[in-house]
Amino acid sequence: MRARSVTLAELAAELELDYRGDPATEVSAPATLERAGPRHLSFLANPRYRRHLESTRAGIVVLAEEHLAACPCAALISPDPYAAFARAATRFDSSRDFEPGLHANAVVAQSARLGRDCRVAAGVVVEANARIGDRVHLGAGTVVEDGAVIGDQCFIGPRVTLCRGVTLGQRVLVHPGAVIGADGFGVAMHRERWIKVPQLGSVVVGDDCEIGANTTIDRGTLDDTVLEEDVRLDNQIQIGHNVKVGAHTAMAGCAAVAGSARIGCYCLIGGGAGILGHLEIADRVTITAMSLVTHSIREAGVYSSGTPLQRNLDWRKNAARLRQLDALARRLKKLEQD
Amino acid sequence: MRARSVTLAELAAELELDYRGDPATEVSAPATLERAGPRHLSFLANPRYRRHLESTRAGIVVLAEEHLAACPCAALISPDPYAAFARAATRFDSSRDFEPGLHANAVVAQSARLGRDCRVAAGVVVEANARIGDRVHLGAGTVVEDGAVIGDQCFIGPRVTLCRGVTLGQRVLVHPGAVIGADGFGVAMHRERWIKVPQLGSVVVGDDCEIGANTTIDRGTLDDTVLEEDVRLDNQIQIGHNVKVGAHTAMAGCAAVAGSARIGCYCLIGGGAGILGHLEIADRVTITAMSLVTHSIREAGVYSSGTPLQRNLDWRKNAARLRQLDALARRLKKLEQD
Amino acid sequence: MRARSVTLAELAAELELDYRGDPATEVSAPATLERAGPRHLSFLANPRYRRHLESTRAGIVVLAEEHLAACPCAALISPDPYAAFARAATRFDSSRDFEPGLHANAVVAQSARLGRDCRVAAGVVVEANARIGDRVHLGAGTVVEDGAVIGDQCFIGPRVTLCRGVTLGQRVLVHPGAVIGADGFGVAMHRERWIKVPQLGSVVVGDDCEIGANTTIDRGTLDDTVLEEDVRLDNQIQIGHNVKVGAHTAMAGCAAVAGSARIGCYCLIGGGAGILGHLEIADRVTITAMSLVTHSIREAGVYSSGTPLQRNLDWRKNAARLRQLDALARRLKKLEQD
């Protein structure tokens with residue numbers, strides 16, 4: 001972590017926020033309300049953790065105005081304390097800093113082009129004709145196949161696979177184990193055997209995207225699979241071939257999008273949610289966790305499927321009735337008619 | 001992509017299809033209806049894309065007879081345009097072509113046996129007693145553990161793990177990040193602690209199977225986990241220990257099969273579907289996306305669980321009623337009796 | 001497999017179990033009831049397989065007293081045959097045995113500390129300041145980033161990623177493709193763009209944990225993500241940032257836990273189950289497969305959500321009614337009032 005300390009006044013100026021307390025109050029690291037000491041910057045965003053505010057020993061807390069009265073220390077006042085904290089905490093984050101250098105044990109093909117000030121860690125393999133921008137980080141064991149293109153300032157973690165010909169924009173962050181550009185899943189039945197549908201497209205990832213650990217993004221069948229700028233994917237997400245994900249859309253862990261779906265901008269896709277193929281989802285649609293989207297969604301809003309959690313004994317009784325639901329509805333109708 | 005062009009007459013002969021138009025019409029690559037130009041082969045399979053047919057600039061379109069009238073160019077007529085297109089497009093796919101060679105940076109144990117004309121990329125590790133057939137591709141960073149066996153013409157992508165002793169048939173295609181042969185999940189509680197159940201079986205993958213990116217197939221506890229021939233698994237699928245998957249079955253992304261389940265031939269398992277352990281599923285069963293199979297299925301057919309997507313406000317009201325469904329059914333019964 | 005044979009009397013003494021049959025009966029490997037021969041140890045735990053008992057050719061079977069009469073051979077009698085078998089079978093498992101040694105192709109940073117009798121396979125990368133205990137196994141292609149700490153006798157499979165600064169206790173087993181310590185998924189919207197919330201915590205994994213293939217465990221935002229001792233995670237599980245998993249809890253494949261959830265001890269989380277963020281789950285809670293936990297659970301017990309599998313035709317009818325469920329309930333109420 002960078003050993004940089006900062007005063008309340010400096011933070012307030014930087015974040016353009018009002019504050020309360022001694023402007024010279026200094027903090028040098030972030031911490032939770034529970035753990036913070038006098039040199040820590042903390043925050044209150046989720047009201048669940050309100051109970052920890054009154055007893056915090058933090059030096060400075062970022063919070064909404066409504067919680068100011070309960071705050072025992074210096075405070076930065078923001079209508080969105082989570083975002084304000086994130087911006088402030090970034091200055092304490094050194095995890096993306098690196099020393100440039102090409103490890104002796106890395107393998108870079110002669111025809112590959114490597115920009116200035118990159119770090120290429122041990123065990124990296126960069127194959128023929130790959131083009132890598134400036135200040136790019138390639139973590140240990142990462143593989144960049146033939147002809148893949150990586151924009152400036154991308155940070156690729158360890159053990160990532162970028163398949164042949166995929167393109168990443170600038171400042172893309174890819175976490176360990178992610179696979180970008182494996183074949184889409186295309187098979188067709190012919191004389192009682194599967195034949196493989198060639199996957200001849202590629203993947204194009206826009207600027208400022210983030211791709212989670214062990215997430216997979218398949219190459220297109222003919223056209224490309226596309227993530228527009230600033231798309232944020234958590235871990236173990238599956239993006240099928242030919243999918244298009246609009247700018248600023250975020251998906252939580254284990255969400256899956258089947259082939260040729262088109263997702264709008266500023267969507268929020270909940271963890272484990274599924275989106276069937278060939279659908280269109282409008283901008284600013286939210287899908288709650290583990291919902292299944294089976295038809296196109298034309299209007300912004302929040303959508304859900306699924307059933308509530310119950311004690312198993314109650315659930316069994318209710319679930320058994322689900323099998324009879326249509327019959328129940330018909331019986332009700334009949335009673336009404338009588 | 002191979003620079004091979006082909007005429008309408010040649011394609012028609014090869015695929016045994018009727019055609020319409022100038023038999024000398026030549027195409028040299030496939031493309032979607034929207035993007036195709038005069039040198040492109042295209043297809044219409046999903047009626048959703050029918051609107052692009054009339055305006056396509058493609059040289060040749062593969063389509064069903066019913067769409068022929070609307071087609072502005074040469075056409076190949078097939079009752080199954082998707083399969084016909086797949087067969088035709090294969091000739092333009094060079095992604096599985098490779099130059100044989102053992103990279104200086106690969107590590108192959110002395111006791112391992114390597115067939116003719118293999119490509120072993122940089123960063124590959126082949127451990128003791130592994131046996132690898134002819135014309136096998138091992139992508140960068142792939143690990144083949146002790147005693148694993150790989151049949152002729154398998155294409156293993158980068159960063160794959162084949163654990164000790166697993167066996168792949170011929171022409172198996174394994175995508176990046178897949179793990180074949182990790183321990184099955186076997187634990188038993190003893191004196192309030194878990195003890196591990198040794199996983200002493202292996203994995204046997206039949207000829208012509210395809211295994212998706214980051215998919216995991218566990219080794220058996222005592223017997224082997226088995227994929228029969230021509231099984232097609234998409235990305236991020238989990239196959240538990242002792243599972244048997246019948247020939248020609250296909251599973252979409254993120255499906256999961258728990259231990260000791262036995263799945264028939266020609267089944268279609270939808271994305272994100274779950275199959276509990278120790279079940280049997282008959283041949284030609286289709287499970288729709290995100291359904292959970294909790295009991296054996298004895299008859300071919302289509303099976304589903306889950307609830308339809310709704311606006312969250314409506315869903316909340318209906319979901320609340322689900323908790324009362326058994327009570328509602330009883331109240332209805334009482335009314336009927338009155 | 002170790003070539004060690006053992007007698008019925010020795011096994012009975014070791015496991016503290018009663019037995020029936022010739023105490024000198026000798027077995028040298030485990031096998032299923034169906035496959036076993038006279039030199040095999042087998043077991044009957046799941047009553048589904050009872051039909052194989054009478055015809056088994058096994059030398060010794062571990063079983064519950066109620067099945068003793070039907071057993072045609074020597075028997076070890078246990079109230080929990082699965083656990084007893086697991087303990088007995090461990091002696092035949094050599095998969096965790098290894099020859100110590102540092103492969104010439106492995107890369108270990110000068111500042112890293114490596115304990116006694118470790119195996120560091122080909123393609124391993126151990127970065128600066130990592131500390132690795134005694135008798136640790138690092139499989140081929142595994143990456144240990146800066147400052148990670150691995151306790152004695154950990155067995156890390158091939159192609160694992162341990163990110164900077166994570167800590168594993170003793171005897172932890174990590175399967176291929178697992179990623180421990182990637183960034184948690186933290187983003188906040190600011191002026192219509194996402195900003196990344198720095199992930200400054202780490203991951204702490206307790207003694208005797210097992211982490212499945214391609215499972216991901218994210219580092220905490222400020223505090224650490226914690227697995228207490230003896231936690232057992234199957235494949236493709238996702239553990240979000242700041243999560244705490246209590247001792248002896250087990251999760252089946254593809255389960256996912258969102259950020260900051262706190263799960264008790266001795267919980268059983270079914271395959272594909274989802275747990276939303278910031279929840280608390282009491283000790284000894286069981287969640288059935290593919291259920292979604294949307295609120296805290298304060299009491300031990302079994303909990304479920306979801307709907308039963310049906311033929312698609314029936315399911316469609318019932319699912320359509322689900323959209324009207326609230327309306328149906330109101331109509332019923334009205335009838336009752338009339």
# chains A, B, ... in the order shown; residues from 1 in each chain; ligands from 1

$ residues_around --residues "Gly184 in chain C" --least-positions-apart "2" --cutoff "12 Å" --atoms "only C-alpha atoms" --output "JSON, numbers by chain"
{"A": [175, 210, 211, 212, 213, 232, 233, 234, 235, 252, 253], "C": [179, 180, 181, 182, 186, 187, 196, 197, 198, 199, 200, 201, 202, 203, 216, 217, 218, 219, 220, 221, 222, 223, 224, 225, 238, 239, 240, 241, 242, 243, 257, 258, 259, 260]}

$ residues_around --residues "Ala109 in chain B" --least-positions-apart "4" --cutoff "8 Å" --atoms "only C-alpha atoms" --output "list of chain:residue names"
B:Val126, B:Glu127, B:Ala128, B:Asn129

$ interface_residues --of "chain C" --to "chain B" --cutoff "8 Å" --atoms "only C-alpha atoms" --output "compact mmCIF listing (two decimals) with N, CA and C atoms, in the first residue's frame"
# COMPACT_ATOMS: atom_id res chain seq x y z
N PRO C 30 -9.95 -50.84 -2.82
CA PRO C 30 -11.39 -50.64 -2.70
C PRO C 30 -12.06 -50.77 -4.07
N ALA C 31 -13.34 -51.10 -4.06
CA ALA C 31 -14.10 -51.17 -5.32
C ALA C 31 -15.59 -51.09 -5.00
N THR C 32 -16.39 -50.78 -5.99
CA THR C 32 -17.85 -50.76 -5.81
C THR C 32 -18.35 -52.20 -5.68
N TYR C 82 -20.42 -45.05 5.13
CA TYR C 82 -19.71 -44.18 4.19
C TYR C 82 -18.45 -43.61 4.85
N ALA C 83 -18.61 -43.10 6.07
CA ALA C 83 -17.45 -42.54 6.77
C ALA C 83 -16.44 -43.64 7.09
N ALA C 86 -14.61 -44.47 3.99
CA ALA C 86 -13.68 -43.39 3.65
C ALA C 86 -12.38 -43.52 4.44
N ARG C 87 -12.53 -43.79 5.74
CA ARG C 87 -11.34 -43.91 6.58
C ARG C 87 -10.50 -45.11 6.14
N ALA C 89 -10.46 -46.52 3.14
CA ALA C 89 -9.95 -46.39 1.77
C ALA C 89 -8.74 -45.46 1.70
N THR C 90 -8.63 -44.56 2.66
CA THR C 90 -7.52 -43.61 2.66
C THR C 90 -6.18 -44.32 2.57
N ASP C 93 -4.91 -44.81 -0.92
CA ASP C 93 -4.80 -43.61 -1.76
C ASP C 93 -3.37 -43.08 -1.77
N ASN C 105 12.61 -26.14 -14.37
CA ASN C 105 11.81 -25.18 -15.14
C ASN C 105 10.90 -24.33 -14.26
N ALA C 122 7.20 -28.42 -12.70
CA ALA C 122 7.56 -27.60 -13.85
C ALA C 122 6.52 -26.51 -14.07
N GLY C 123 6.99 -25.36 -14.50
CA GLY C 123 6.07 -24.29 -14.85
C GLY C 123 5.51 -23.52 -13.67
N ALA C 140 2.09 -28.44 -11.44
CA ALA C 140 2.61 -27.77 -12.63
C ALA C 140 1.79 -26.55 -13.01
N GLY C 141 2.49 -25.46 -13.29
CA GLY C 141 1.83 -24.26 -13.78
C GLY C 141 1.14 -23.42 -12.73
N PRO C 158 -2.21 -28.57 -9.97
CA PRO C 158 -1.68 -27.81 -11.09
C PRO C 158 -2.55 -26.59 -11.42
N ARG C 159 -1.91 -25.57 -11.99
CA ARG C 159 -2.62 -24.42 -12.56
C ARG C 159 -3.54 -23.71 -11.57
N HIS C 175 -7.55 -27.53 -5.66
CA HIS C 175 -7.63 -28.24 -6.93
C HIS C 175 -7.36 -27.30 -8.12
N PRO C 176 -7.10 -27.90 -9.28
CA PRO C 176 -6.66 -27.13 -10.44
C PRO C 176 -7.61 -25.99 -10.82
N GLY C 177 -7.02 -24.91 -11.26
CA GLY C 177 -7.81 -23.81 -11.80
C GLY C 177 -8.41 -22.90 -10.76
N GLY C 212 -12.27 -26.52 -4.45
CA GLY C 212 -12.47 -27.28 -5.68
C GLY C 212 -11.91 -26.62 -6.93
N ALA C 213 -11.92 -27.40 -8.00
CA ALA C 213 -11.39 -26.95 -9.29
C ALA C 213 -12.18 -25.74 -9.81
N ASN C 214 -11.45 -24.74 -10.28
CA ASN C 214 -12.02 -23.52 -10.86
C ASN C 214 -12.92 -22.76 -9.90
N ASP C 230 -11.47 -26.47 8.11
CA ASP C 230 -12.23 -27.63 7.66
C ASP C 230 -13.44 -27.26 6.80
N ASP C 234 -16.62 -27.51 -3.14
CA ASP C 234 -16.59 -28.26 -4.39
C ASP C 234 -16.14 -27.33 -5.54
N ASN C 235 -16.29 -27.77 -6.75
CA ASN C 235 -15.83 -27.03 -7.93
C ASN C 235 -16.71 -25.82 -8.27
N GLN C 236 -16.09 -24.85 -8.93
CA GLN C 236 -16.80 -23.72 -9.54
C GLN C 236 -17.69 -22.98 -8.55
N HIS C 248 -16.14 -26.19 9.20
CA HIS C 248 -16.84 -27.44 8.88
C HIS C 248 -18.05 -27.27 7.96
N ALA C 252 -21.63 -27.59 -2.18
CA ALA C 252 -21.56 -28.38 -3.41
C ALA C 252 -21.34 -27.47 -4.62
N GLY C 253 -21.03 -28.08 -5.74
CA GLY C 253 -20.59 -27.39 -6.94
C GLY C 253 -21.47 -26.23 -7.37
N CYS C 254 -20.82 -25.14 -7.80
CA CYS C 254 -21.51 -24.02 -8.43
C CYS C 254 -22.31 -23.18 -7.45
N GLY C 271 -25.76 -27.66 -4.29
CA GLY C 271 -25.19 -27.27 -5.58
C GLY C 271 -25.98 -26.15 -6.24
N GLY C 272 -25.28 -25.18 -6.76
CA GLY C 272 -25.92 -24.10 -7.49
C GLY C 272 -26.73 -23.15 -6.63
N MET C 290 -29.80 -25.22 -5.71
CA MET C 290 -30.34 -24.16 -6.56
C MET C 290 -31.36 -23.27 -5.86
N GLY C 306 -37.63 -22.56 -5.13
CA GLY C 306 -37.69 -23.20 -6.45
C GLY C 306 -38.98 -23.95 -6.67
N THR C 307 -39.15 -24.48 -7.85
CA THR C 307 -40.38 -25.17 -8.21
C THR C 307 -40.04 -26.56 -8.74
N PRO C 308 -40.99 -27.48 -8.60
CA PRO C 308 -40.69 -28.86 -9.02
C PRO C 308 -40.60 -29.01 -10.53
N LEU C 309 -39.80 -29.96 -10.95
CA LEU C 309 -39.68 -30.27 -12.37
C LEU C 309 -40.97 -30.91 -12.88
N GLN C 310 -41.41 -30.49 -14.05
CA GLN C 310 -42.60 -31.09 -14.68
C GLN C 310 -42.35 -31.24 -16.16
N ARG C 311 -43.20 -32.04 -16.79
CA ARG C 311 -43.21 -32.04 -18.25
C ARG C 311 -43.44 -30.61 -18.71
N ASN C 312 -42.77 -30.20 -19.73
CA ASN C 312 -42.83 -28.81 -20.16
C ASN C 312 -44.26 -28.35 -20.44
N TRP C 315 -45.83 -27.71 -17.15
CA TRP C 315 -45.14 -26.58 -16.53
C TRP C 315 -45.60 -25.25 -17.13
N ALA C 319 -47.01 -22.38 -14.94
CA ALA C 319 -46.19 -21.17 -14.86
C ALA C 319 -47.01 -19.95 -15.27
N ALA C 320 -47.87 -20.12 -16.26
CA ALA C 320 -48.72 -19.01 -16.68
C ALA C 320 -49.60 -18.56 -15.52
N LEU C 322 -48.88 -18.69 -12.44
CA LEU C 322 -48.07 -18.02 -11.43
C LEU C 322 -48.14 -16.51 -11.58
N ARG C 323 -48.23 -16.07 -12.81
CA ARG C 323 -48.34 -14.63 -13.05
C ARG C 323 -49.63 -14.04 -12.50
N GLN C 324 -50.62 -14.93 -12.27
CA GLN C 324 -51.94 -14.47 -11.82
C GLN C 324 -52.19 -14.83 -10.36
N LEU C 325 -51.15 -15.28 -9.68
CA LEU C 325 -51.38 -15.90 -8.38
C LEU C 325 -51.99 -14.93 -7.39
N ASP C 326 -51.49 -13.73 -7.38
CA ASP C 326 -52.04 -12.75 -6.45
C ASP C 326 -53.52 -12.50 -6.77
N ALA C 329 -55.62 -15.36 -5.57
CA ALA C 329 -55.81 -15.33 -4.11
C ALA C 329 -56.88 -14.30 -3.74
N LEU C 332 -60.28 -15.70 -4.57
CA LEU C 332 -60.67 -16.70 -3.57
C LEU C 332 -61.22 -16.01 -2.32
N GLU C 336 -64.94 -16.28 -0.59
CA GLU C 336 -65.13 -16.65 0.82
C GLU C 336 -66.00 -15.63 1.54

$ select_by_dssp --residues "range 46-286 of chain C" --states "alpha helix (DSSP H)" --output "list in words"
Pro81, Tyr82, Ala83, Ala84, Phe85, Ala86, Arg87, Ala88 and Ala89 of chain C

$ closest_residue --among "A:Arg96, A:Arg298, A:Arg116, A:His67" --to "Phe155 in chain A" --atoms "only C-alpha atoms"
A:Arg96

$ select_by_dssp --residues "range 253-329 of chain C" --states "strand (DSSP E)" --output "MDAnalysis selection string"
chainID C and resid 256:257 262:263 268:269 274:275 280:281 285:287 292:293 301:304 310:311

$ write_last_selection --atoms "N, CA and C atoms" --output "compact mmCIF listing (two decimals), in the first residue's frame"
# COMPACT_ATOMS: atom_id res chain seq x y z
N ALA C 256 -22.80 -20.11 -4.87
CA ALA C 256 -22.21 -18.77 -4.95
C ALA C 256 -22.66 -17.95 -3.75
N VAL C 257 -21.73 -17.26 -3.16
CA VAL C 257 -22.00 -16.44 -1.97
C VAL C 257 -21.59 -15.01 -2.28
N ARG C 262 -22.23 -13.81 5.94
CA ARG C 262 -21.56 -14.53 7.01
C ARG C 262 -22.30 -15.85 7.22
N ILE C 263 -21.60 -16.93 6.96
CA ILE C 263 -22.21 -18.26 7.01
C ILE C 263 -21.67 -18.99 8.23
N LEU C 268 -24.57 -26.87 5.27
CA LEU C 268 -24.48 -27.63 4.03
C LEU C 268 -25.18 -26.82 2.95
N ILE C 269 -24.42 -26.36 1.98
CA ILE C 269 -24.98 -25.51 0.94
C ILE C 269 -25.04 -26.34 -0.35
N GLY C 274 -27.59 -20.01 -4.21
CA GLY C 274 -27.06 -18.64 -4.18
C GLY C 274 -27.37 -18.00 -2.84
N ILE C 275 -26.44 -17.24 -2.32
CA ILE C 275 -26.65 -16.55 -1.04
C ILE C 275 -26.35 -15.07 -1.28
N GLU C 280 -26.74 -13.07 7.21
CA GLU C 280 -26.14 -13.97 8.19
C GLU C 280 -26.90 -15.28 8.19
N ILE C 281 -26.16 -16.37 8.20
CA ILE C 281 -26.77 -17.69 8.22
C ILE C 281 -26.26 -18.41 9.46
N VAL C 285 -27.26 -24.88 9.19
CA VAL C 285 -28.33 -24.62 8.22
C VAL C 285 -28.02 -25.40 6.95
N THR C 286 -29.04 -26.06 6.40
CA THR C 286 -28.90 -26.72 5.11
C THR C 286 -29.72 -25.96 4.07
N ILE C 287 -29.10 -25.67 2.94
CA ILE C 287 -29.79 -25.02 1.83
C ILE C 287 -29.83 -26.04 0.69
N LEU C 292 -32.24 -19.92 -3.56
CA LEU C 292 -31.67 -18.58 -3.42
C LEU C 292 -32.02 -18.05 -2.03
N VAL C 293 -31.00 -17.72 -1.27
CA VAL C 293 -31.20 -17.19 0.08
C VAL C 293 -31.22 -15.67 0.00
N GLY C 301 -31.74 -25.65 10.38
CA GLY C 301 -32.84 -26.30 9.68
C GLY C 301 -32.55 -26.38 8.20
N VAL C 302 -33.53 -26.91 7.47
CA VAL C 302 -33.39 -27.08 6.03
C VAL C 302 -34.27 -26.05 5.32
N TYR C 303 -33.73 -25.38 4.34
CA TYR C 303 -34.44 -24.30 3.64
C TYR C 303 -34.34 -24.51 2.13
N SER C 304 -35.40 -24.10 1.43
CA SER C 304 -35.49 -24.35 -0.01
C SER C 304 -36.22 -23.23 -0.72
N GLN C 310 -41.41 -30.49 -14.05
CA GLN C 310 -42.60 -31.09 -14.68
C GLN C 310 -42.35 -31.24 -16.16
N ARG C 311 -43.20 -32.04 -16.79
CA ARG C 311 -43.21 -32.04 -18.25
C ARG C 311 -43.44 -30.61 -18.71
